[in-house]
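Student: One structure, as structure tokens, below. Some questions next.
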Amino acid sequence: MQAEDHLFTELRVATLADASSPYGLIEAAAIAVIAGQIDWVGPQVELPVRYAGLKQTPLGNRLVTPAPIDCHTHIVHGGNRASEFELRLNGASYEEVARAGGGIVSTVTATRSASVEDLIRQALPRLDAMLAEGVTTVEVKSGYGLDRETELNMLRAARALPEHRPVRVVTSFLGAHAVPAEYQDRPDTYIAEVCIPTLRAARREGLVDAVDGFCEGIAFAPEQIRPLFEVARELGLPVKLHAEQLSNLGGAKLAASYGALSADHIEYLDDSGVAAMAEAGTIAVILPGAFYTLRETQMPPIDSLRRSNVPMALATDCNPGSAPMTSLLLAMNMGCTLFRMTPEEALRGVTTNAARALGLTDCGRIAAGLRADLAIWNVAHPSELAYRIGFNPLHARIFGGTS
């Protein structure tokens, strides 16, 4: 398949564009791609004659879906934390490891010592694993620098990834990820002296698409996040938040009050937090990889989110400590197996709702006028994508019309 106008035929397509039918599924379908966009999709018997001259590729009744989107990752960082994995297996909790000087802060040392080129080199194998499962869009956060230059270098590395691979990268400034050792017991000063000036610098350099924070007892309280969100609003940047992962501090309510794109993790989210997210249109990003790795027991309130019609996204949360996972297909299976999401919710979670969690309107569904970011699978039905464990049925990945 070449990077040219193209007609895909003899396929099943889960458009996810029609919520009235399961998966928005169309049998015996065709998709016309013109100039990198979907120009037409529908039953092949209804194909308009204007597409007759396009180069045609029969897909042998394979399934086509929107290409997966990983809407929460930390793939740019230095080093790894395999030793902490061993500590946790010997009984230490994530919070105990963090308070003892491990956790996020331990990755800071390795990241601060890495150049932009080092960070790119270390991120590419993680990115390659995602692309091998059809992913075309990846969100990448800073947050392992916790000083001005390293935070900016992380964002510079993230912005450079599309120069090395055919991928779309959306960046989030996560300077409020942890309190660095040099500001121990002075989180408010760190926000004022480091986070906010660095955010302004990142904005001037065109490095940031959204602003994130970690609202938790081992990180920042809601009122410490608020000044950062005020500056984000001033700069015209959307916000999102790691919220209610280990306790309920009301972070999701704070995020919703700023019209946040998403609140992520949310295992300890209560009904009032769900209601605030529903009113604000904030997406719930479910991260089963961290739940699994940390051997947590408090599950996110999936039923409450459903009842309130809060859209749920799924992501890998790929990071060196709590979710060293690069498989979005595995995240789909975990979302179903651990949290009882349905296979359709899982697929929408890594496509339509993942796009919404990043503020993207040109992808995540298969409909005329959207980007031709497609995944072609060797499966008969969409439910198979969440069903298997450790199996990749990808046949082909189409990025902006290019294979």
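Simple scheme: letters A, B, ... for chains in structure tokens order, numbers from 1 for residues in each chain, numbers from 1 for ligands in the order shown.
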May I have the residues within 9 Å of Asp264 (chain A) as an NGL selection string, using only C-alpha atoms and disregarding those fewer than 5 positions away in the same chain?
Tutor: :A and (72 or 240-245 or 252 or 283-287)
Student: Can you pull out the residues contacting region 87-94 of chain A? Cut-off 8 Å, using only C-alpha atoms, and skip same-chain residues under 3 positions away; I want them as a ChimeraX atom specification.
Tutor: /A:83-84,97-98,103,294,322
Student: Give me the residues within 12 Å of Ile266 (chain A) as a PyMOL selection string, counting only C-alpha atoms and dropping any in the same chain fewer than 2 places off.
Tutor: chain A and resi 214-216+241-253+255+262-264+268-271+273-274+277+283-288+290-291+298-302+304-305+312-313
Student: Ranking A:Asn378, A:Thr297, A:Thr9, A:Ser257 by minimum distance to Pro43 (chain A) and counting only C-alpha atoms, which one comes first?
Tutor: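 Result for the nearest residue to Pro43 (chain A): A:Thr9.
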Student: As a PyMOL selection string, please: all residues of region 230-371 of chain A that backbone DSSP puts in strand (DSSP E or B).
Tutor: chain A and resi 239-243+262-265+283-286+312-314+371
Student: Go through A:Ile225, A:Val41, A:Met325, A:Leu54 and flag the residue nearest Thr73 (chain A), using only C-alpha atoms for the distances.
Tutor: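 Looking at the shortest contact to Thr73 (chain A), the residue is A:Met325.
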Student: For Gly401 (chain A), list every protein, DNA or RNA residue within 7 Å, evaluated using only C-alpha atoms, and leave out those in the same chain fewer than 5 positions away; present the list as a PDB file with N, CA and C atoms, in the first residue's frame.
Tutor:
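Okay, this is what ended up in out.pdb:
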```pdb
ATOM      1  N   ALA A   3       1.520   5.625  -0.306  1.00  0.00           N
ATOM      2  CA  ALA A   3       1.007   6.889   0.219  1.00  0.00           C
ATOM      3  C   ALA A   3       0.339   7.663  -0.910  1.00  0.00           C
ATOM      4  N   VAL A  33      -9.912   6.923   0.600  1.00  0.00           N
ATOM      5  CA  VAL A  33      -8.973   7.855   1.223  1.00  0.00           C
ATOM      6  C   VAL A  33      -8.428   8.785   0.144  1.00  0.00           C
ATOM      7  N   GLY A  36      -4.924  11.934   2.273  1.00  0.00           N
ATOM      8  CA  GLY A  36      -4.685  11.641   3.682  1.00  0.00           C
ATOM      9  C   GLY A  36      -5.903  11.684   4.569  1.00  0.00           C
ATOM     10  N   GLN A  37      -7.080  11.911   3.989  1.00  0.00           N
ATOM     11  CA  GLN A  37      -8.318  11.958   4.769  1.00  0.00           C
ATOM     12  C   GLN A  37      -9.299  10.907   4.285  1.00  0.00           C
ATOM     13  N   ALA A 372      -7.111   9.907   7.903  1.00  0.00           N
ATOM     14  CA  ALA A 372      -7.087   8.476   7.594  1.00  0.00           C
ATOM     15  C   ALA A 372      -6.029   7.797   8.454  1.00  0.00           C
ATOM     16  N   ASP A 373      -6.283   7.784   9.760  1.00  0.00           N
ATOM     17  CA  ASP A 373      -5.478   7.035  10.722  1.00  0.00           C
ATOM     18  C   ASP A 373      -6.263   5.756  11.014  1.00  0.00           C
TER      19      ASP A 373
END
```
Student: Counting only C-alpha atoms, which of A:Asp147, A:Val76, A:Ala19, A:Thr107 gets nearest to Arg159 (chain A)?
Tutor: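 Nearest candidate to Arg159 (chain A) out of A:Asp147, A:Val76, A:Ala19, A:Thr107: A:Val76.
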Student: List every residue of region 97-159 of chain A that has an atom at most 12 Å from any atom of region 355-363 of chain A, and for each one report the closest atom pair and its distance in Å to one decimal, counting only C-alpha atoms, with rows sorted by chain and then by increasing residue number, as a Markdown table.
Tutor:
```
| residue | atom | partner | partner_atom | distance |
| --- | --- | --- | --- | --- |
| A:Val135 | CA | A:Cys363 | CA | 11.9 |
| A:Thr136 | CA | A:Cys363 | CA | 9.9 |
| A:Thr137 | CA | A:Ala355 | CA | 8.7 |
| A:Val138 | CA | A:Leu358 | CA | 9.5 |
| A:Glu139 | CA | A:Leu358 | CA | 7.6 |
| A:Val140 | CA | A:Leu358 | CA | 10.8 |
```
Student: Give the answer as one residue: which of A:Asp5, A:Arg148, A:Leu11, A:Met154 has the shortest atom-to-atom distance to Tyr51 (chain A), using only C-alpha atoms?
Tutor: A:Asp5
Student: Determine the nearest neighbour of Arg186 (chain A) from the options A:Ala52, A:Leu152, A:Ala219, A:Val167, counting only C-alpha atoms.
Tutor: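 Looking at the shortest contact to Arg186 (chain A), the residue is A:Ala219.
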Student: Region 115-363 of chain A: which residues are alpha helix (DSSP H) by DSSP, as an MDAnalysis selection string?
Tutor: chainID A and resid 116:131 148:160 187:190 196:204 222:235 251:257 271:280 288:293 302:307 328:339 343:349 352:357
Student: When you count only C-alpha atoms, which of these residues is closest to Pro166 (chain A): A:Gly134, A:Gly213, A:Pro180, A:Pro187?
Tutor: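 Distance minimum relative to Pro166 (chain A) lands on A:Gly134.
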Student: Could you tell me how far CA of Ile104 (chain A) lies from CA of Pro320 (chain A), in Å and to one decimal?
Tutor: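 These two atoms are separated by 8.6 Å.
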Student: State, in Å with one decimal place, the distance from CA of Pro162 (chain A) to CA of Ser115 (chain A).
Tutor: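 Atom-to-atom, CA of Pro162 (chain A) and CA of Ser115 (chain A) are spaced 17.8 Å apart.
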